[in-house]
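Below is model20.tsv, which holds TSV, C-alpha atoms.
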chain	number	residue	atom	x	y	z
A	1	MET	CA	89.72	180.36	156.76
A	2	GLU	CA	89.53	180.34	152.99
A	3	SER	CA	88.29	177.10	151.45
A	4	GLU	CA	90.59	174.91	149.38
A	5	GLU	CA	88.41	175.69	146.32
A	6	ASP	CA	88.98	179.45	146.76
A	7	MET	CA	92.75	178.95	146.97
A	8	HIS	CA	92.67	176.68	143.92
A	9	PHE	CA	90.83	179.39	141.98
A	10	LEU	CA	93.45	181.98	142.96
A	11	GLY	CA	96.12	179.75	141.42
A	12	GLU	CA	94.03	179.39	138.25
A	13	LEU	CA	93.47	183.15	138.11
A	14	ILE	CA	97.22	183.81	138.39
A	15	LEU	CA	97.84	181.37	135.51
A	16	ILE	CA	95.10	182.91	133.34
A	17	LEU	CA	96.25	186.51	133.91
A	18	LEU	CA	99.95	185.68	133.31
A	19	THR	CA	99.24	183.66	130.17
A	20	THR	CA	96.78	186.16	128.67
A	21	VAL	CA	99.29	189.01	129.20
A	22	LEU	CA	102.26	187.07	127.76
A	23	LEU	CA	100.40	185.67	124.73
A	24	GLY	CA	98.63	189.00	124.20
A	25	GLN	CA	102.02	190.74	124.14
A	26	LEU	CA	103.43	188.10	121.78
A	27	PHE	CA	100.63	188.68	119.24
A	28	ALA	CA	100.87	192.46	119.65
A	29	ARG	CA	104.61	192.16	118.79
A	30	PHE	CA	103.63	190.55	115.47
A	31	ASN	CA	101.22	193.43	114.82
A	32	MET	CA	98.14	191.30	115.51
A	33	PRO	CA	95.29	191.90	118.02
A	34	ALA	CA	96.29	190.96	121.57
A	35	VAL	CA	92.83	189.42	122.01
A	36	ILE	CA	93.87	186.47	119.78
A	37	GLY	CA	96.61	185.60	122.27
A	38	GLN	CA	94.10	185.89	125.13
A	39	LEU	CA	91.71	183.50	123.36
A	40	LEU	CA	94.48	181.01	122.66
A	41	SER	CA	95.63	181.15	126.30
A	42	GLY	CA	92.41	179.38	127.31
A	43	ILE	CA	93.02	176.62	124.74
A	44	LEU	CA	96.62	176.26	125.97
A	45	LEU	CA	95.74	176.14	129.69
A	46	GLY	CA	92.52	174.14	129.32
A	47	PRO	CA	91.65	170.47	128.70
A	48	ALA	CA	92.62	170.78	125.00
A	49	ILE	CA	96.40	170.97	125.71
A	50	LEU	CA	97.93	171.41	129.21
A	51	ASN	CA	94.79	170.71	131.30
A	52	LEU	CA	95.99	173.09	134.06
A	53	VAL	CA	92.68	174.98	134.28
A	54	LYS	CA	89.27	173.34	133.86
A	55	PRO	CA	86.01	175.21	133.18
A	56	ASN	CA	84.32	175.89	136.53
A	57	ASP	CA	81.62	178.06	138.11
A	58	ILE	CA	83.97	180.75	139.50
A	59	VAL	CA	85.80	181.21	136.19
A	60	SER	CA	82.39	181.35	134.43
A	61	LEU	CA	81.19	184.02	136.89
A	62	PHE	CA	84.28	186.18	136.26
A	63	SER	CA	83.82	185.56	132.54
A	64	GLU	CA	80.15	186.64	132.55
A	65	PHE	CA	81.03	189.82	134.41
A	66	GLY	CA	83.89	190.40	131.94
A	67	VAL	CA	81.63	190.30	128.87
A	68	ILE	CA	79.10	192.59	130.58
A	69	LEU	CA	81.86	195.14	131.33
A	70	LEU	CA	83.18	194.80	127.78
A	71	MET	CA	79.80	195.61	126.21
A	72	PHE	CA	79.21	198.39	128.76
A	73	LEU	CA	82.50	199.97	127.61
A	74	ALA	CA	81.45	199.50	123.96
A	75	GLY	CA	78.27	201.45	124.75
A	76	LEU	CA	80.30	204.19	126.44
A	77	GLU	CA	82.45	204.54	123.31
A	78	SER	CA	79.57	204.52	120.82
A	79	ASP	CA	78.16	207.49	118.95
A	80	LEU	CA	74.37	207.39	119.29
A	81	ASP	CA	73.87	209.66	116.25
A	82	LEU	CA	75.90	207.28	114.08
A	83	LEU	CA	73.96	204.29	115.42
A	84	LYS	CA	70.67	206.03	114.50
A	85	LYS	CA	72.04	206.97	111.08
A	86	TYR	CA	72.98	203.36	110.26
A	87	PHE	CA	69.96	201.68	111.88
A	88	LYS	CA	68.47	200.52	108.54
A	89	LEU	CA	71.82	199.02	107.55
A	90	SER	CA	72.25	197.39	110.99
A	91	PHE	CA	68.75	195.90	110.79
A	92	THR	CA	69.39	194.54	107.27
A	93	VAL	CA	72.79	193.06	108.20
A	94	ALA	CA	71.28	191.46	111.32
A	95	SER	CA	68.19	190.08	109.53
A	96	ILE	CA	70.13	188.49	106.68
A	97	GLY	CA	72.77	187.39	109.21
A	98	VAL	CA	70.08	185.42	111.07
A	99	ILE	CA	68.39	183.96	107.95
A	100	LEU	CA	71.54	182.71	106.14
A	101	PRO	CA	73.00	180.62	109.03
A	102	VAL	CA	69.57	179.10	109.78
A	103	VAL	CA	69.15	178.09	106.11
A	104	PHE	CA	72.76	177.08	105.29
A	105	MET	CA	73.59	175.32	108.54
A	106	GLY	CA	70.12	173.86	108.93
A	107	LEU	CA	70.36	172.24	105.47
A	108	ALA	CA	73.92	171.04	106.10
A	109	SER	CA	72.87	169.45	109.43
A	110	TYR	CA	69.96	167.73	107.66
A	111	PHE	CA	72.36	166.25	105.07
A	112	PHE	CA	74.54	165.03	107.98
A	113	GLY	CA	71.56	162.94	109.15
A	114	MET	CA	69.75	165.20	111.64
A	115	LYS	CA	65.95	165.22	111.84
A	116	PRO	CA	64.32	168.39	110.39
A	117	LEU	CA	63.65	170.00	113.81
A	118	GLU	CA	67.14	169.13	115.06
A	119	ALA	CA	68.70	170.60	111.90
A	120	LEU	CA	66.61	173.77	112.26
A	121	PHE	CA	67.73	174.22	115.87
A	122	ILE	CA	71.41	173.82	114.92
A	123	GLY	CA	70.86	176.63	112.39
A	124	ILE	CA	69.40	178.76	115.20
A	125	VAL	CA	72.49	178.08	117.38
A	126	PHE	CA	74.60	179.86	114.74
A	127	ALA	CA	72.13	182.70	114.08
A	128	ALA	CA	73.40	184.94	116.91
A	129	THR	CA	76.54	187.08	116.77
A	130	SER	CA	78.84	187.77	119.72
A	131	VAL	CA	80.40	191.14	118.96
A	132	SER	CA	82.53	191.31	122.12
A	133	ILE	CA	85.71	190.01	120.43
A	134	SER	CA	85.18	192.26	117.39
A	135	VAL	CA	84.82	195.25	119.74
A	136	VAL	CA	88.32	194.68	121.16
A	137	VAL	CA	89.88	194.28	117.69
A	138	LEU	CA	88.13	197.47	116.53
A	139	GLN	CA	89.25	199.32	119.68
A	140	GLU	CA	92.88	198.25	119.21
A	141	ALA	CA	92.79	199.37	115.56
A	142	ARG	CA	90.94	202.64	116.45
A	143	GLN	CA	88.06	201.61	114.17
A	144	LEU	CA	85.17	201.51	116.66
A	145	HIS	CA	83.93	205.00	115.69
A	146	THR	CA	84.05	204.40	111.93
A	147	ARG	CA	81.02	203.67	109.74
A	148	ALA	CA	81.94	199.97	109.69
A	149	GLY	CA	82.49	199.82	113.47
A	150	THR	CA	79.14	201.51	114.16
A	151	ALA	CA	77.34	199.21	111.71
A	152	ILE	CA	78.83	196.13	113.44
A	153	LEU	CA	77.74	197.33	116.89
A	154	GLY	CA	74.22	198.21	115.75
A	155	ALA	CA	73.81	194.96	113.81
A	156	ALA	CA	75.04	192.88	116.76
A	157	VAL	CA	72.39	194.35	119.10
A	158	VAL	CA	69.59	193.83	116.54
A	159	ASP	CA	70.99	190.36	115.75
A	160	ASP	CA	70.80	189.34	119.41
A	161	ILE	CA	67.16	190.47	119.64
A	162	LEU	CA	66.23	188.64	116.41
A	163	ALA	CA	68.03	185.47	117.57
A	164	VAL	CA	66.03	185.54	120.84
A	165	VAL	CA	62.79	185.98	118.86
A	166	VAL	CA	63.67	183.05	116.52
A	167	LEU	CA	64.62	180.85	119.51
A	168	SER	CA	61.35	181.77	121.28
A	169	LEU	CA	59.34	180.94	118.14
A	170	PHE	CA	61.11	177.59	117.76
A	171	THR	CA	60.63	176.49	121.37
A	172	THR	CA	56.99	177.69	121.33
A	173	PHE	CA	55.92	175.94	118.13
A	174	SER	CA	58.13	172.83	118.29
A	175	HIS	CA	56.74	171.90	121.76
A	176	GLU	CA	60.16	170.44	122.52
A	177	GLY	CA	61.94	173.39	124.03
A	178	GLY	CA	62.06	174.85	127.48
A	179	LYS	CA	61.24	178.37	128.53
A	180	SER	CA	63.16	180.84	126.33
A	181	GLY	CA	61.71	184.00	127.85
A	182	LEU	CA	59.98	185.18	131.02
A	183	THR	CA	56.91	183.03	130.27
A	184	ASN	CA	56.07	180.04	128.07
A	185	ASN	CA	53.92	182.26	125.83
A	186	PHE	CA	55.82	183.71	122.86
A	187	PHE	CA	53.49	186.69	122.36
A	188	VAL	CA	53.52	187.64	126.06
A	189	ASN	CA	57.36	187.49	125.92
A	190	ILE	CA	57.39	189.87	122.92
A	191	VAL	CA	55.19	192.38	124.83
A	192	ILE	CA	57.45	192.13	127.92
A	193	GLU	CA	60.56	192.70	125.77
A	194	ALA	CA	58.87	195.69	124.09
A	195	VAL	CA	58.17	197.14	127.57
A	196	TYR	CA	61.87	196.67	128.36
A	197	PHE	CA	62.85	198.83	125.37
A	198	VAL	CA	60.37	201.52	126.44
A	199	ALA	CA	62.08	201.46	129.86
A	200	VAL	CA	65.48	201.77	128.11
A	201	TRP	CA	64.25	204.88	126.27
A	202	LEU	CA	62.99	206.41	129.56
A	203	ILE	CA	66.40	205.71	131.17
A	204	PHE	CA	68.13	207.44	128.23
A	205	LYS	CA	65.90	210.49	128.39
A	206	PHE	CA	65.20	211.00	132.08
A	207	VAL	CA	66.81	208.56	134.52
A	208	ALA	CA	70.52	208.44	133.51
A	209	PRO	CA	71.25	212.23	133.62
A	210	TYR	CA	69.63	212.71	137.06
A	211	PHE	CA	71.04	209.44	138.42
A	212	MET	CA	74.60	210.38	137.44
A	213	LYS	CA	74.20	213.92	138.79
A	214	ALA	CA	72.95	212.50	142.10
A	215	SER	CA	75.90	210.05	142.20
A	216	GLU	CA	78.29	212.99	141.82
A	217	LYS	CA	76.93	214.63	144.97
A	218	ILE	CA	77.60	211.59	147.18
A	219	SER	CA	80.77	212.07	149.26
A	220	VAL	CA	82.15	208.58	148.67
A	221	ASP	CA	85.21	207.68	146.58
A	222	TYR	CA	84.28	206.68	143.02
A	223	SER	CA	80.57	207.29	143.68
A	224	VAL	CA	80.06	208.22	140.00
A	225	VAL	CA	81.65	204.96	138.84
A	226	ILE	CA	79.65	202.92	141.38
A	227	GLY	CA	76.47	204.71	140.28
A	228	SER	CA	77.17	203.97	136.60
A	229	LEU	CA	77.82	200.28	137.33
A	230	VAL	CA	74.60	200.03	139.37
A	231	LEU	CA	72.64	201.49	136.44
A	232	ALA	CA	74.35	199.31	133.79
A	233	LEU	CA	74.19	196.09	135.81
A	234	THR	CA	70.49	196.73	136.55
A	235	MET	CA	69.82	197.12	132.82
A	236	ALA	CA	71.85	193.95	132.09
A	237	TRP	CA	69.99	192.00	134.78
A	238	ALA	CA	66.61	193.27	133.51
A	239	ALA	CA	67.50	192.28	129.91
A	240	ASP	CA	68.41	188.77	131.07
A	241	PHE	CA	65.25	188.61	133.21
A	242	VAL	CA	62.93	189.33	130.26
A	243	GLY	CA	64.69	186.77	128.02
A	244	LEU	CA	67.19	188.97	126.16
A	245	SER	CA	70.95	188.71	126.56
A	246	ALA	CA	72.53	190.56	129.49
A	247	VAL	CA	75.13	192.01	127.07
A	248	VAL	CA	72.35	193.94	125.27
A	249	GLY	CA	71.34	195.58	128.57
A	250	ALA	CA	74.98	196.37	129.41
A	251	PHE	CA	75.47	197.96	125.97
A	252	PHE	CA	72.39	200.17	126.41
A	253	GLY	CA	73.62	201.07	129.92
A	254	GLY	CA	76.88	202.29	128.40
A	255	LEU	CA	74.99	204.22	125.70
A	256	ALA	CA	72.79	205.90	128.35
A	257	ILE	CA	75.80	207.03	130.41
A	258	ARG	CA	77.60	208.16	127.23
A	259	GLN	CA	74.98	210.95	127.01
A	260	THR	CA	75.99	212.33	130.45
A	261	PRO	CA	78.96	214.64	131.29
A	262	GLN	CA	80.43	212.01	133.62
A	263	TYR	CA	81.07	209.37	130.93
A	264	LYS	CA	84.85	210.04	130.60
A	265	GLU	CA	85.47	209.42	134.30
A	266	VAL	CA	83.33	206.28	134.15
A	267	HIS	CA	85.13	205.01	131.04
A	268	SER	CA	88.65	205.39	132.46
A	269	SER	CA	87.76	203.68	135.78
A	270	VAL	CA	85.70	200.81	134.32
A	271	SER	CA	88.42	200.14	131.69
A	272	VAL	CA	90.90	199.54	134.53
A	273	ILE	CA	88.48	197.21	136.36
A	274	GLY	CA	87.55	195.29	133.20
A	275	TYR	CA	90.84	194.96	131.33
A	276	SER	CA	92.96	194.18	134.39
A	277	ILE	CA	91.04	191.06	135.46
A	278	PHE	CA	87.52	190.25	134.23
A	279	ILE	CA	87.84	190.69	130.44
A	280	PRO	CA	91.03	188.56	130.12
A	281	VAL	CA	89.22	185.79	132.06
A	282	PHE	CA	86.28	186.05	129.63
A	283	PHE	CA	88.54	185.51	126.61
A	284	ALA	CA	90.44	182.67	128.29
A	285	ASP	CA	87.17	181.02	129.35
A	286	ILE	CA	86.09	180.65	125.69
A	287	GLY	CA	89.25	178.63	125.00
A	288	LEU	CA	88.80	176.53	128.15
A	289	SER	CA	85.68	174.91	126.64
A	290	MET	CA	87.67	173.49	123.75
A	291	THR	CA	88.64	169.82	123.53
A	292	PHE	CA	89.73	167.67	120.59
A	293	THR	CA	88.01	164.45	121.74
A	294	SER	CA	85.51	164.27	118.86
A	295	PHE	CA	87.67	166.15	116.36
A	296	PHE	CA	88.68	163.20	114.12
A	297	LYS	CA	85.38	161.33	114.47
A	298	ASP	CA	83.31	164.34	113.31
A	299	LEU	CA	86.01	166.01	111.20
A	300	TRP	CA	83.91	166.60	108.07
A	301	PHE	CA	80.95	167.86	110.11
A	302	ILE	CA	83.25	170.30	111.96
A	303	VAL	CA	84.96	171.54	108.75
A	304	VAL	CA	81.72	172.02	106.77
A	305	MET	CA	79.89	173.71	109.66
A	306	THR	CA	82.86	176.02	110.37
A	307	VAL	CA	83.09	177.11	106.73
A	308	LEU	CA	79.32	177.74	106.56
A	309	ALA	CA	79.33	179.53	109.93
A	310	VAL	CA	82.01	181.94	108.70
A	311	LEU	CA	80.62	182.50	105.19
A	312	SER	CA	76.95	182.94	106.18
A	313	LYS	CA	77.71	185.84	108.55
A	314	PHE	CA	80.48	187.29	106.38
A	315	TRP	CA	78.36	187.42	103.23
A	316	ALA	CA	75.38	188.87	105.12
A	317	GLY	CA	77.50	191.73	106.52
A	318	LYS	CA	79.54	192.34	103.37
A	319	TYR	CA	76.81	192.46	100.73
A	320	SER	CA	74.21	194.21	102.92
A	321	SER	CA	76.62	197.04	103.75
A	322	GLU	CA	77.81	197.36	100.14
A	323	PHE	CA	74.13	197.65	99.09
A	324	PHE	CA	73.88	200.64	101.48
A	325	GLY	CA	76.84	202.39	99.82
A	326	PHE	CA	79.79	201.13	101.87
A	327	THR	CA	83.05	200.51	100.02
A	328	LYS	CA	84.24	196.97	99.31
A	329	ASN	CA	86.81	197.21	102.15
A	330	GLU	CA	84.19	198.53	104.60
A	331	GLY	CA	81.86	195.71	103.56
A	332	ASN	CA	84.60	193.17	104.28
A	333	ILE	CA	85.16	194.70	107.75
A	334	VAL	CA	81.42	194.59	108.58
A	335	GLY	CA	81.21	190.98	107.37
A	336	ALA	CA	84.28	189.92	109.36
A	337	GLY	CA	82.98	191.72	112.46
A	338	MET	CA	79.81	189.59	112.44
A	339	VAL	CA	81.54	186.16	112.20
A	340	SER	CA	82.18	185.52	115.92
A	341	ARG	CA	79.54	183.45	117.77
A	342	GLY	CA	81.12	183.37	121.25
A	343	GLU	CA	79.07	183.22	124.41
A	344	VAL	CA	75.67	183.81	122.74
A	345	ALA	CA	75.87	180.63	120.62
A	346	LEU	CA	77.25	178.68	123.61
A	347	ILE	CA	74.19	179.70	125.67
A	348	VAL	CA	71.76	178.67	122.89
A	349	ALA	CA	73.61	175.34	122.46
A	350	GLN	CA	73.33	174.79	126.22
A	351	ILE	CA	69.55	175.37	126.04
A	352	GLY	CA	69.43	172.85	123.18
A	353	ILE	CA	71.31	170.08	124.98
A	354	THR	CA	69.32	170.63	128.21
A	355	HIS	CA	66.01	170.20	126.37
A	356	HIS	CA	67.20	167.42	123.97
A	357	LEU	CA	66.77	169.55	120.84
A	358	PHE	CA	69.66	167.84	119.00
A	359	PRO	CA	71.67	164.59	119.44
A	360	GLU	CA	73.98	164.61	122.46
A	361	ASP	CA	76.84	162.95	120.54
A	362	ILE	CA	77.38	166.05	118.35
A	363	TYR	CA	77.29	168.55	121.23
A	364	SER	CA	81.07	168.71	121.69
A	365	SER	CA	81.55	169.11	117.91
A	366	LEU	CA	79.08	172.02	117.87
A	367	ILE	CA	80.94	173.66	120.76
A	368	LEU	CA	84.20	173.18	118.84
A	369	VAL	CA	82.71	174.89	115.74
A	370	ILE	CA	81.49	177.82	117.89
A	371	ILE	CA	84.94	178.23	119.48
A	372	VAL	CA	86.81	177.87	116.16
A	373	THR	CA	84.65	180.62	114.55
A	374	THR	CA	85.23	182.77	117.64
A	375	VAL	CA	89.01	182.28	117.47
A	376	LEU	CA	89.09	182.81	113.69
A	377	SER	CA	87.02	186.02	113.75
A	378	PRO	CA	89.74	188.38	115.09
A	379	PHE	CA	92.23	187.02	112.50
A	380	ILE	CA	89.76	187.67	109.67
A	381	LEU	CA	88.71	191.10	111.00
A	382	ASN	CA	92.32	192.17	111.58
A	383	TYR	CA	93.25	191.11	108.03
A	384	PHE	CA	90.52	193.29	106.45
A	385	ILE	CA	91.24	196.28	108.73
A	386	LYS	CA	94.93	196.15	107.76
A	387	LYS	CA	93.98	195.80	104.08
A	388	ASP	CA	91.67	198.84	104.32
A	389	GLN	CA	94.36	200.90	106.06
A	390	LYS	CA	96.94	199.87	103.45
A	391	ASP	CA	94.62	200.69	100.53
A	392	THR	CA	93.68	204.05	102.10
A	393	LYS	CA	97.37	204.90	102.56
A	394	PHE	CA	98.17	204.33	98.88
A	395	MET	CA	95.13	206.21	97.56

Here is the file; what I need is its structure written in the form of structure tokens.
Amino acid sequence: MESEEDMHFLGELILILLTTVLLGQLFARFNMPAVIGQLLSGILLGPAILNLVKPNDIVSLFSEFGVILLMFLAGLESDLDLLKKYFKLSFTVASIGVILPVVFMGLASYFFGMKPLEALFIGIVFAATSVSISVVVLQEARQLHTRAGTAILGAAVVDDILAVVVLSLFTTFSHEGGKSGLTNNFFVNIVIEAVYFVAVWLIFKFVAPYFMKASEKISVDYSVVIGSLVLALTMAWAADFVGLSAVVGAFFGGLAIRQTPQYKEVHSSVSVIGYSIFIPVFFADIGLSMTFTSFFKDLWFIVVMTVLAVLSKFWAGKYSSEFFGFTKNEGNIVGAGMVSRGEVALIVAQIGITHHLFPEDIYSSLILVIIVTTVLSPFILNYFIKKDQKDTKFM
């Protein structure tokens, strides 16, 4: 017999799927990204408002799988030649996008009474970008293959790697952190991560084409799709194992399969799996973490940190891309696409609270700032995409 917990989760899943579809449709009707409605559904159903669904392990598991599938699909839709072409831009956007939040938000935290190391760590929390929400907005607006879309994807991958390096450095030299890689030695971790990227290159060149061809010969329904998921999930697991984010591995898995003739079949099947259940749960799960318990007590802290979180990433993306010859509108799109912090910042904040790297009483306010920037990002990105389309139309 099914346990009571399993049955309870089924009820929660029904609520999440119904609400994400209805709110997604509502926002689509007003010519806005459906993903905003999906994000808000978590806030509506969660402890912040109705308290019908609480964050739990099963929802988190579905959510983690959802973001992995989302980034796998982003890899499948990406143009490797464009990513190579804009690598210098992506690296610049990512580098400045890590430095500015660490400086701005670190200084702001210090002025709010944090100790220097605590303030520095709070800056690191906001250094990473979660591009998963931006990907959906770009997909809906058919902008993923543009120069701006490619720059956002490339910068997000580099950003994640840089954020892991900065976190590893902090926990190594502060002597207050836990393990932020495979070992406690920063330099050994860097070598292991470098080996991972060599393995990624070998998969691109040699493994993926033969693996997909072999999958095609197996007389089992959807063997090609199963084969692609095995490859992508292995790369995601390996990335997580060496101290990187699993979403980076999933993205590279999608990129590797993109180079094979089977990628269209894989894309259509995985889209159905992802968008019908796991990806809506991922977006709702972000909203489920939101509460307003410390909102009034820490109001100024929340407002200042939210403004700095948005501006630091936006300016880094905007001005870096304009320096590389992008138009003003394209620069705005790149900047807006880098604003979201999402699951990456939540993971870093979790590491921080576990190892007492900042005061416990501001943890919920930090989570609120992360979620607010994540919810705001599709609004900002959608605004600049519409503005670009409008300006292009009247040119």

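With all atoms listed in the file as the atoms that count, the minimum distance from Ile43 (chain A) to the choices A:Tyr263, A:Phe379, A:Phe283, A:Tyr86 is reached by A:Phe283.
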
(request) Just the residues within 12 Å of Ser63 (chain A), please, counting all atoms listed in the file, with nothing from its chain fewer than 3 positions along; format it as a ChimeraX atom specification. (result) /A:13,16,42,55-60,66-70,132,274-275,277-288,342-343

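Using all atoms listed in the file for every distance, the candidate list A:Ser269, A:Val188, A:Leu167, A:Ile257 yields A:Ile257 as the residue closest to Pro209 (chain A).
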
(message) Which residues are near region 321-328 of chain A? Cut-off 8 Å, all atoms listed in the file, ignore same chain within fewer than 5 positions. Put them as a list of chain:residue names.
(response) A:Leu89, A:Val93, A:Val334

Keeping only C-alpha atoms, write those residues as a CSV table (one decimal), keeping the file's coordinate frame.
chain,number,residue,atom,x,y,z
A,89,LEU,CA,71.8,199.0,107.6
A,93,VAL,CA,72.8,193.1,108.2
A,334,VAL,CA,81.4,194.6,108.6

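By chain and then residue number, the residues within 9 Å of Gly253 (chain A) are Phe72, Gly75, Leu76, Val200, Ile203, Phe204, Ala208, Ser228, Leu229, Leu231, Ala232, Leu233, Thr234, Met235 and Ala236 of chain A, counting only C-alpha atoms and disregarding those fewer than 6 positions away in sequence.
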
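Compared by their closest atoms to Met71 (chain A), and using all atoms listed in the file, the residues A:Phe314, A:Trp300, A:Phe104, A:Phe252 rank with A:Phe252 nearest.
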